[in-house]
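What follows is the content of entry.tsv (TSV, C-alpha atoms and all ligand atoms).
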chain	number	residue	atom	x	y	z
A	1	MET	CA	25.41	-14.29	4.41
A	2	PHE	CA	28.65	-12.31	4.52
A	3	LEU	CA	26.81	-9.17	3.38
A	4	ASP	CA	24.16	-9.76	6.06
A	5	PHE	CA	26.92	-9.23	8.63
A	6	PHE	CA	26.78	-5.52	7.80
A	7	LYS	CA	23.01	-5.34	8.20
A	8	SER	CA	21.04	-4.84	11.36
A	9	ARG	CA	17.49	-5.61	12.38
A	10	LEU	CA	14.71	-3.04	12.42
A	11	ARG	CA	14.07	-2.21	16.05
A	12	PRO	CA	10.95	-1.34	18.05
A	13	GLY	CA	10.44	2.41	17.81
A	14	PHE	CA	11.29	2.58	14.10
A	15	PHE	CA	7.60	2.98	13.17
A	16	ASP	CA	6.62	5.34	15.98
A	17	GLY	CA	4.13	7.89	14.66
A	18	ALA	CA	3.96	6.21	11.23
A	19	CYS	CA	1.13	6.28	8.71
A	20	ASP	CA	0.13	3.07	6.93
A	21	MET	CA	-1.16	4.10	3.52
A	22	HIS	CA	-2.26	0.69	2.16
A	23	SER	CA	-4.49	-1.79	4.03
A	24	HIS	CA	-7.51	-4.04	3.58
A	25	ILE	CA	-9.03	-3.54	7.02
A	26	LEU	CA	-12.41	-2.03	6.09
A	27	PRO	CA	-14.41	-5.18	6.88
A	28	GLY	CA	-16.44	-7.28	4.48
A	29	VAL	CA	-15.76	-5.44	1.21
A	30	ASP	CA	-12.91	-7.40	-0.41
A	31	ASP	CA	-10.49	-10.28	0.26
A	32	GLY	CA	-9.21	-8.57	3.40
A	33	ILE	CA	-10.66	-8.59	6.90
A	34	GLN	CA	-14.31	-9.66	7.10
A	35	ASP	CA	-15.67	-8.50	10.46
A	36	VAL	CA	-15.51	-5.47	12.74
A	37	GLY	CA	-13.92	-7.35	15.65
A	38	ARG	CA	-10.96	-8.47	13.58
A	39	ALA	CA	-10.68	-5.04	11.96
A	40	THR	CA	-10.47	-3.40	15.39
A	41	ARG	CA	-7.85	-5.93	16.46
A	42	ALA	CA	-5.80	-5.31	13.29
A	43	LEU	CA	-5.76	-1.57	14.04
A	44	LEU	CA	-4.69	-2.25	17.61
A	45	LEU	CA	-1.86	-4.48	16.40
A	46	LEU	CA	-0.66	-1.82	13.95
A	47	ASN	CA	-0.74	0.71	16.78
A	48	ARG	CA	1.47	-1.58	18.90
A	49	ILE	CA	4.10	-1.33	16.14
A	50	GLY	CA	3.86	2.45	16.36
A	51	TYR	CA	1.36	3.39	13.63
A	52	LYS	CA	-0.77	6.43	14.42
A	53	LYS	CA	-2.64	6.78	11.12
A	54	VAL	CA	-4.09	4.06	8.90
A	55	LYS	CA	-5.62	4.47	5.46
A	56	LEU	CA	-8.21	1.90	4.54
A	57	THR	CA	-7.75	1.10	0.84
A	58	PRO	CA	-10.25	-1.56	-0.29
A	59	HIS	CA	-9.98	-3.16	-3.72
A	60	PHE	CA	-11.86	-1.58	-6.59
A	61	MET	CA	-11.90	-4.10	-9.45
A	62	LYS	CA	-14.26	-6.01	-11.71
A	63	ASP	CA	-14.30	-8.89	-9.17
A	64	TYR	CA	-16.08	-6.53	-6.73
A	65	PRO	CA	-18.65	-4.70	-8.91
A	66	GLU	CA	-20.56	-3.56	-5.81
A	67	ASN	CA	-17.51	-1.57	-4.66
A	68	THR	CA	-18.57	1.75	-6.08
A	69	ARG	CA	-17.29	4.93	-4.47
A	70	ALA	CA	-20.69	5.63	-2.88
A	71	ASN	CA	-20.98	2.11	-1.40
A	72	ILE	CA	-17.47	2.15	0.04
A	73	GLU	CA	-17.91	5.63	1.50
A	74	ALA	CA	-21.13	4.49	3.18
A	75	ARG	CA	-19.39	1.37	4.55
A	76	PHE	CA	-16.56	3.52	5.89
A	77	GLN	CA	-18.97	5.84	7.71
A	78	ALA	CA	-20.74	2.82	9.22
A	79	PHE	CA	-17.37	1.37	10.29
A	80	LEU	CA	-16.40	4.63	12.02
A	81	THR	CA	-19.62	4.40	14.02
A	82	GLU	CA	-19.02	0.70	14.78
A	83	VAL	CA	-15.46	1.17	16.07
A	84	GLY	CA	-16.36	4.38	17.92
A	85	ASP	CA	-13.57	5.29	20.34
A	86	GLU	CA	-12.12	1.77	20.31
A	87	THR	CA	-9.40	2.47	17.80
A	88	PRO	CA	-6.16	4.15	18.84
A	89	VAL	CA	-5.32	5.24	15.28
A	90	GLU	CA	-6.65	7.97	13.01
A	91	LEU	CA	-8.54	6.44	10.10
A	92	SER	CA	-9.07	7.70	6.58
A	93	LEU	CA	-10.42	6.21	3.40
A	94	GLY	CA	-8.66	5.57	0.10
A	95	GLY	CA	-8.81	2.77	-2.44
A	96	GLU	CA	-6.64	0.38	-4.42
A	97	TYR	CA	-7.70	0.46	-8.07
A	98	MET	CA	-7.04	-2.46	-10.40
A	99	LEU	CA	-6.14	-1.41	-13.92
A	100	ASP	CA	-8.93	-3.46	-15.50
A	101	SER	CA	-12.16	-2.87	-17.43
A	102	CYS	CA	-13.70	-1.03	-14.44
A	103	PHE	CA	-10.90	1.47	-13.95
A	104	MET	CA	-12.23	4.23	-16.19
A	105	ASP	CA	-15.72	3.97	-14.63
A	106	ARG	CA	-14.14	4.45	-11.21
A	107	CYS	CA	-12.13	7.36	-12.63
A	108	GLU	CA	-15.36	8.97	-13.90
A	109	GLU	CA	-16.99	8.79	-10.45
A	110	GLY	CA	-13.80	10.16	-8.86
A	111	PHE	CA	-11.10	8.09	-7.18
A	112	LEU	CA	-10.77	7.82	-3.42
A	113	THR	CA	-7.28	9.25	-3.13
A	114	LEU	CA	-4.49	8.98	-0.57
A	115	ASP	CA	-3.72	12.63	0.01
A	116	LYS	CA	-5.24	15.90	1.12
A	117	ASN	CA	-4.83	17.43	-2.33
A	118	ASN	CA	-6.97	14.63	-3.77
A	119	THR	CA	-4.49	13.59	-6.46
A	120	LEU	CA	-2.64	10.40	-5.41
A	121	VAL	CA	-4.42	7.26	-6.57
A	122	LEU	CA	-3.19	3.78	-5.59
A	123	CYS	CA	-3.21	1.48	-8.64
A	124	GLU	CA	-2.36	-2.16	-9.22
A	125	THR	CA	-2.24	-4.75	-11.99
A	126	SER	CA	-2.54	-8.51	-11.73
A	127	TYR	CA	0.67	-10.25	-10.67
A	128	MET	CA	1.07	-12.23	-13.89
A	129	SER	CA	0.43	-9.58	-16.53
A	130	ALA	CA	-0.76	-6.03	-17.00
A	131	ASP	CA	-3.80	-5.13	-19.10
A	132	PRO	CA	-2.43	-3.83	-22.45
A	133	GLN	CA	-4.61	-0.76	-21.90
A	134	ALA	CA	-3.05	0.00	-18.50
A	135	PRO	CA	-0.64	2.71	-19.75
A	136	ASN	CA	-3.50	4.42	-21.57
A	137	MET	CA	-5.76	4.23	-18.50
A	138	LEU	CA	-3.06	5.83	-16.38
A	139	TYR	CA	-2.51	8.50	-19.01
A	140	GLN	CA	-6.23	9.31	-19.03
A	141	ALA	CA	-6.24	9.49	-15.23
A	142	MET	CA	-3.22	11.82	-15.29
A	143	LEU	CA	-5.00	14.08	-17.80
A	144	LYS	CA	-7.74	14.42	-15.18
A	145	GLY	CA	-5.16	15.53	-12.63
A	146	TYR	CA	-4.51	12.26	-10.82
A	147	GLN	CA	-1.04	11.09	-9.84
A	148	PRO	CA	-0.72	7.27	-10.03
A	149	VAL	CA	1.00	5.42	-7.20
A	150	ILE	CA	1.76	1.85	-8.30
A	151	ALA	CA	1.20	-0.59	-5.43
A	152	HIS	CA	3.88	-3.21	-4.67
A	153	PRO	CA	5.76	-3.11	-8.01
A	154	GLU	CA	8.20	-5.71	-6.67
A	155	ARG	CA	5.41	-8.31	-6.72
A	156	TYR	CA	4.67	-8.17	-10.47
A	157	ASN	CA	6.21	-11.23	-12.15
A	158	TYR	CA	6.14	-9.60	-15.58
A	159	ALA	CA	8.08	-6.50	-14.50
A	160	SER	CA	11.87	-6.12	-14.64
A	161	MET	CA	14.08	-3.33	-13.33
A	162	ALA	CA	13.82	-1.78	-16.83
A	163	THR	CA	10.02	-1.79	-16.45
A	164	TYR	CA	10.31	0.11	-13.17
A	165	ARG	CA	12.62	2.66	-14.74
A	166	ARG	CA	10.06	3.20	-17.54
A	167	TRP	CA	7.33	3.70	-14.95
A	168	LYS	CA	9.39	6.32	-13.14
A	169	GLU	CA	10.04	8.06	-16.49
A	170	LYS	CA	6.26	8.25	-16.91
A	171	ASP	CA	6.11	9.93	-13.48
A	172	TYR	CA	4.34	7.08	-11.72
A	173	LEU	CA	5.16	6.89	-8.01
A	174	LEU	CA	5.97	3.49	-6.47
A	175	GLN	CA	4.84	1.97	-3.17
A	176	LEU	CA	6.82	-0.75	-1.40
A	177	ASN	CA	5.01	-3.52	0.47
A	178	LEU	CA	6.93	-3.57	3.75
A	179	LEU	CA	6.75	-7.35	4.13
A	180	SER	CA	8.39	-7.86	0.72
A	181	LEU	CA	11.63	-7.01	2.54
A	182	ALA	CA	11.05	-10.01	4.81
A	183	GLY	CA	10.47	-12.39	1.89
A	184	ALA	CA	6.72	-12.69	2.54
A	185	TYR	CA	6.03	-12.82	-1.22
A	186	GLY	CA	9.02	-14.95	-2.22
A	187	GLU	CA	12.68	-14.46	-2.98
A	188	THR	CA	12.24	-12.68	-6.33
A	189	ALA	CA	9.97	-10.02	-4.83
A	190	LYS	CA	12.38	-9.69	-1.92
A	191	SER	CA	15.45	-9.11	-4.09
A	192	LYS	CA	13.57	-6.67	-6.36
A	193	ALA	CA	12.33	-4.79	-3.28
A	194	ARG	CA	15.84	-4.51	-1.87
A	195	ALA	CA	17.27	-3.33	-5.20
A	196	LEU	CA	14.53	-0.71	-5.64
A	197	LEU	CA	14.90	0.43	-2.03
A	198	LYS	CA	18.67	0.79	-2.35
A	199	GLU	CA	18.32	2.75	-5.61
A	200	GLY	CA	15.88	5.16	-3.95
A	201	THR	CA	13.17	4.26	-6.48
A	202	TYR	CA	10.25	3.92	-4.05
A	203	ASP	CA	8.13	6.84	-2.88
A	204	TYR	CA	5.89	5.29	-0.22
A	205	VAL	CA	5.64	2.17	1.96
A	206	GLY	CA	2.52	0.28	3.06
A	207	SER	CA	1.62	-2.91	4.90
A	208	ASP	CA	-1.10	-4.12	2.46
A	209	LEU	CA	-2.48	-5.85	5.55
A	210	HIS	CA	-5.29	-8.35	4.85
A	211	ARG	CA	-5.53	-10.11	8.26
A	212	ASP	CA	-5.52	-9.28	11.98
A	213	LYS	CA	-2.02	-10.61	12.25
A	214	ASP	CA	0.67	-9.47	14.67
A	215	LEU	CA	3.46	-8.39	12.30
A	216	ARG	CA	6.03	-7.54	14.94
A	217	ASP	CA	8.11	-10.74	14.68
A	218	ILE	CA	8.30	-10.61	10.90
A	219	ILE	CA	9.01	-6.85	10.83
A	220	TYR	CA	11.73	-7.06	13.45
A	221	SER	CA	13.33	-9.96	11.55
A	222	ILE	CA	14.03	-7.62	8.60
A	223	ARG	CA	17.74	-6.86	8.38
A	224	LEU	CA	18.77	-3.75	6.46
A	225	SER	CA	22.00	-1.95	5.64
A	226	ASN	CA	22.34	1.63	6.87
A	227	LYS	CA	21.56	2.87	3.36
A	228	GLU	CA	18.43	0.70	3.08
A	229	ARG	CA	17.26	1.80	6.52
A	230	ASP	CA	17.74	5.46	5.60
A	231	GLN	CA	15.65	4.91	2.47
A	232	LEU	CA	12.88	3.21	4.45
A	233	GLN	CA	12.92	6.11	6.89
A	234	ARG	CA	12.52	8.50	3.95
A	235	LEU	CA	9.46	6.57	2.76
A	236	LEU	CA	7.91	6.75	6.22
A	237	GLU	CA	8.47	10.51	6.21
A	238	ASN	CA	6.75	10.72	2.80
A	239	ASN	CA	3.83	8.71	4.22
A	240	LYS	CA	3.42	11.27	6.99
A	241	GLU	CA	2.68	13.94	4.37
A	242	LEU	CA	-0.40	12.01	3.22
A	301	FE	FE	-3.61	-4.16	-1.52
Can you dump the structure from the file as structure tokens?
Amino acid sequence: MFLDFFKSRLRPGFFDGACDMHSHILPGVDDGIQDVGRATRALLLLNRIGYKKVKLTPHFMKDYPENTRANIEARFQAFLTEVGDETPVELSLGGEYMLDSCFMDRCEEGFLTLDKNNTLVLCETSYMSADPQAPNMLYQAMLKGYQPVIAHPERYNYASMATYRRWKEKDYLLQLNLLSLAGAYGETAKSKARALLKEGTYDYVGSDLHRDKDLRDIIYSIRLSNKERDQLQRLLENNKEL
């Protein structure tokens, strides 16, 4: 509580011109938003926070075998036609790839990446444990020229600060889920997120939005120290390069 005295809330304007690089808004393809109306509303709500670009990053995992690259690209093209001029943000397509038995198949067909150079691939593990083959899968992907970005590391129950340091030593990049800072995934994820943010360990920040929810109240309830706010600003600048 005493330390909170030195922290201040994020204010409207902080996200002006920002790029959200992790979202589940492409409708009807995973556990995210299911219909075009809600997807359009979610994009509008992100724009009200200040976002100008949004990357749609549906789940690729064995639970969604129909989510091949070709199918998701076709769904994205259809969605662009469906939303037409109704969206105030620039849209692009990426993916969030689970490190499971499907990962190497998806690697073979080519990942949907986050960046113009076609190298950054958003990866995740389950929250409880990582596949023992995960390090090898990432190594194989790196041999093919991909640069792994680990989604929401603060949310993995099995990972400690030492784990995160090992990941950085392996040259994995790390992506913060913004709402972790507000405690949306529990106190442990929140304290890990704050520690990683303060240490400058993260590289990118995303919303990981799954619903057409107005996030303004929760975002503007986040209190950060000057150092934490500077770090978050740095991540938003990194996002703009994508
Ligand atoms: Fe996600």
Could you give me, as a VMD selection string, the residues within 6 Å of Pro58 of chain A, counting all atoms listed in the file and dropping anything in the same chain fewer than 3 positions from it?
chain A and resid 24 95 to 96
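The interatomic distance for the pair atom CA of Gly206 of chain A and atom CA of Leu56 of chain A works out to 11.0 Å.
Closest approach to Gln233 of chain A among A:Asp217, A:Asp212, A:Asp30, A:Asp203: A:Asp203, based on all atoms listed in the file.
Every residue having at least one atom no farther than 8 Å from ligand FE 301 (chain A) is included below, with all atoms listed in the file taken into account: A:His22, A:Ser23, A:His24, A:Thr57, A:Pro58, A:His59, A:Glu96, A:Ala151, A:Asp208, A:Leu209, A:His210.
Nearest-residue note for Leu174 of chain A: choosing from A:Leu138, A:Leu122, A:Ile219, A:Leu232, the minimum distance belongs to A:Leu122, counting all atoms listed in the file.
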Which of these residues is nearest to Leu45 of chain A, using all atoms listed in the file: A:Asp214, A:Gly186, A:Thr201, A:Tyr164?
A:Asp214
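If all atoms listed in the file are the atoms counted, then among A:Lys198, A:Lys168, A:Arg48, A:Lys62 the closest residue to Phe14 of chain A is A:Arg48.
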Using only C-alpha atoms, pick whichever of A:Ile150, A:Asn71, A:Val83, A:Ala189 has the shortest atom-to-atom distance to Ala42 of chain A.
A:Val83
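Residues lying within 12 Å of Glu82 of chain A, counting only C-alpha atoms and ignoring same-chain neighbours fewer than 3 positions away, are Leu26, Pro27, Asp35, Val36, Gly37, Ala39, Thr40, Arg75, Phe76, Gln77, Ala78, Phe79, Asp85, Glu86 and Thr87 of chain A.
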Distance query Met21 of chain A at most 7 Å, all atoms listed in the file, self and fewer than 6 positions along chain excluded, as a PyMOL selection string:
chain A and resi 54-55+206+239
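The spacing separating atom CA of Ala193 of chain A from atom CA of Ile49 of chain A amounts to 21.4 Å.
Using all atoms listed in the file, the nearest neighbour of Glu241 of chain A within the list A:Glu109, A:Gly145, A:Ala134, A:Lys53 is A:Lys53.
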Just give me the gap between atom CA of Leu235 of chain A and atom CA of Pro88 of chain A in Å, one decimal is fine.
22.5 Å
Counting all atoms listed in the file, which residues of segment 110-189 of chain A sit at most 12 Å from some atom of segment 223-228 of chain A, and what is each one's closest atom pair with its distance in Å to one decimal, listed by chain and rising residue number, as CSV?
residue,atom,partner,partner_atom,distance
A:Leu179,CA,A:Arg223,CA,11.8
A:Leu181,CA,A:Arg223,CA,8.5
A:Ala182,CA,A:Arg223,CA,8.2
A:Gly183,CA,A:Arg223,CA,11.2
Within 9 Å of Phe111 of chain A, counting all atoms listed in the file, which residues qualify if same-chain residues fewer than 2 places away don't, as a PyMOL selection string?
chain A and resi 69+94-95+97+106-109+113+118-121+146
Padding of 5 Å on every side, edges along x, y and z, all listed atoms of segment 216-228 of chain A included: what centre and edge lengths in Å, to one decimal, does that box have, as JSON?
{"center_x": 14.2, "center_y": -3.9, "center_z": 9.0, "size_x": 26.3, "size_y": 23.6, "size_z": 21.9}
Near-Tyr139 of chain A list (12 Å; all atoms listed in the file; drop same-chain fewer than 2 positions) as a ChimeraX atom specification
/A:99,104,107,133-137,141-148,167,170-172
Any chance you could model N, CA and C atoms for segment 77-99 of chain A and send them as a CSV table (one decimal), keeping the file's coordinate frame?
chain,number,residue,atom,x,y,z
A,77,GLN,N,-18.3,5.1,6.7
A,77,GLN,CA,-19.0,5.8,7.7
A,77,GLN,C,-19.6,4.9,8.8
A,78,ALA,N,-20.2,3.8,8.3
A,78,ALA,CA,-20.7,2.8,9.2
A,78,ALA,C,-19.6,2.2,10.1
A,79,PHE,N,-18.5,1.9,9.5
A,79,PHE,CA,-17.4,1.4,10.3
A,79,PHE,C,-16.9,2.3,11.4
A,80,LEU,N,-16.8,3.6,11.0
A,80,LEU,CA,-16.4,4.6,12.0
A,80,LEU,C,-17.3,4.6,13.2
A,81,THR,N,-18.6,4.5,12.9
A,81,THR,CA,-19.6,4.4,14.0
A,81,THR,C,-19.4,3.1,14.8
A,82,GLU,N,-19.2,2.0,14.1
A,82,GLU,CA,-19.0,0.7,14.8
A,82,GLU,C,-17.8,0.7,15.7
A,83,VAL,N,-16.7,1.2,15.2
A,83,VAL,CA,-15.5,1.2,16.1
A,83,VAL,C,-15.5,2.2,17.2
A,84,GLY,N,-16.2,3.3,16.9
A,84,GLY,CA,-16.4,4.4,17.9
A,84,GLY,C,-15.0,4.8,18.4
A,85,ASP,N,-14.8,4.8,19.7
A,85,ASP,CA,-13.6,5.3,20.3
A,85,ASP,C,-12.6,4.1,20.5
A,86,GLU,N,-12.9,3.0,20.0
A,86,GLU,CA,-12.1,1.8,20.3
A,86,GLU,C,-10.8,1.7,19.6
A,87,THR,N,-10.6,2.6,18.6
A,87,THR,CA,-9.4,2.5,17.8
A,87,THR,C,-8.4,3.6,18.2
A,88,PRO,N,-7.2,3.2,18.4
A,88,PRO,CA,-6.2,4.2,18.8
A,88,PRO,C,-5.5,4.9,17.7
A,89,VAL,N,-6.0,4.6,16.4
A,89,VAL,CA,-5.3,5.2,15.3
A,89,VAL,C,-6.3,6.1,14.5
A,90,GLU,N,-5.8,7.1,13.8
A,90,GLU,CA,-6.6,8.0,13.0
A,90,GLU,C,-6.9,7.2,11.7
A,91,LEU,N,-8.2,7.2,11.3
A,91,LEU,CA,-8.5,6.4,10.1
A,91,LEU,C,-8.9,7.4,9.0
A,92,SER,N,-8.5,7.0,7.8
A,92,SER,CA,-9.1,7.7,6.6
A,92,SER,C,-9.3,6.7,5.5
A,93,LEU,N,-10.0,7.1,4.5
A,93,LEU,CA,-10.4,6.2,3.4
A,93,LEU,C,-9.7,6.5,2.1
A,94,GLY,N,-9.2,5.5,1.5
A,94,GLY,CA,-8.7,5.6,0.1
A,94,GLY,C,-9.2,4.4,-0.7
A,95,GLY,N,-8.4,4.0,-1.7
A,95,GLY,CA,-8.8,2.8,-2.4
A,95,GLY,C,-7.6,2.2,-3.2
A,96,GLU,N,-7.7,1.0,-3.6
A,96,GLU,CA,-6.6,0.4,-4.4
A,96,GLU,C,-7.3,-0.1,-5.7
A,97,TYR,N,-7.0,0.6,-6.8
A,97,TYR,CA,-7.7,0.5,-8.1
A,97,TYR,C,-7.0,-0.4,-9.1
A,98,MET,N,-7.6,-1.5,-9.4
A,98,MET,CA,-7.0,-2.5,-10.4
A,98,MET,C,-7.2,-1.8,-11.8
A,99,LEU,N,-6.1,-1.9,-12.6
A,99,LEU,CA,-6.1,-1.4,-13.9
A,99,LEU,C,-6.8,-2.4,-14.8
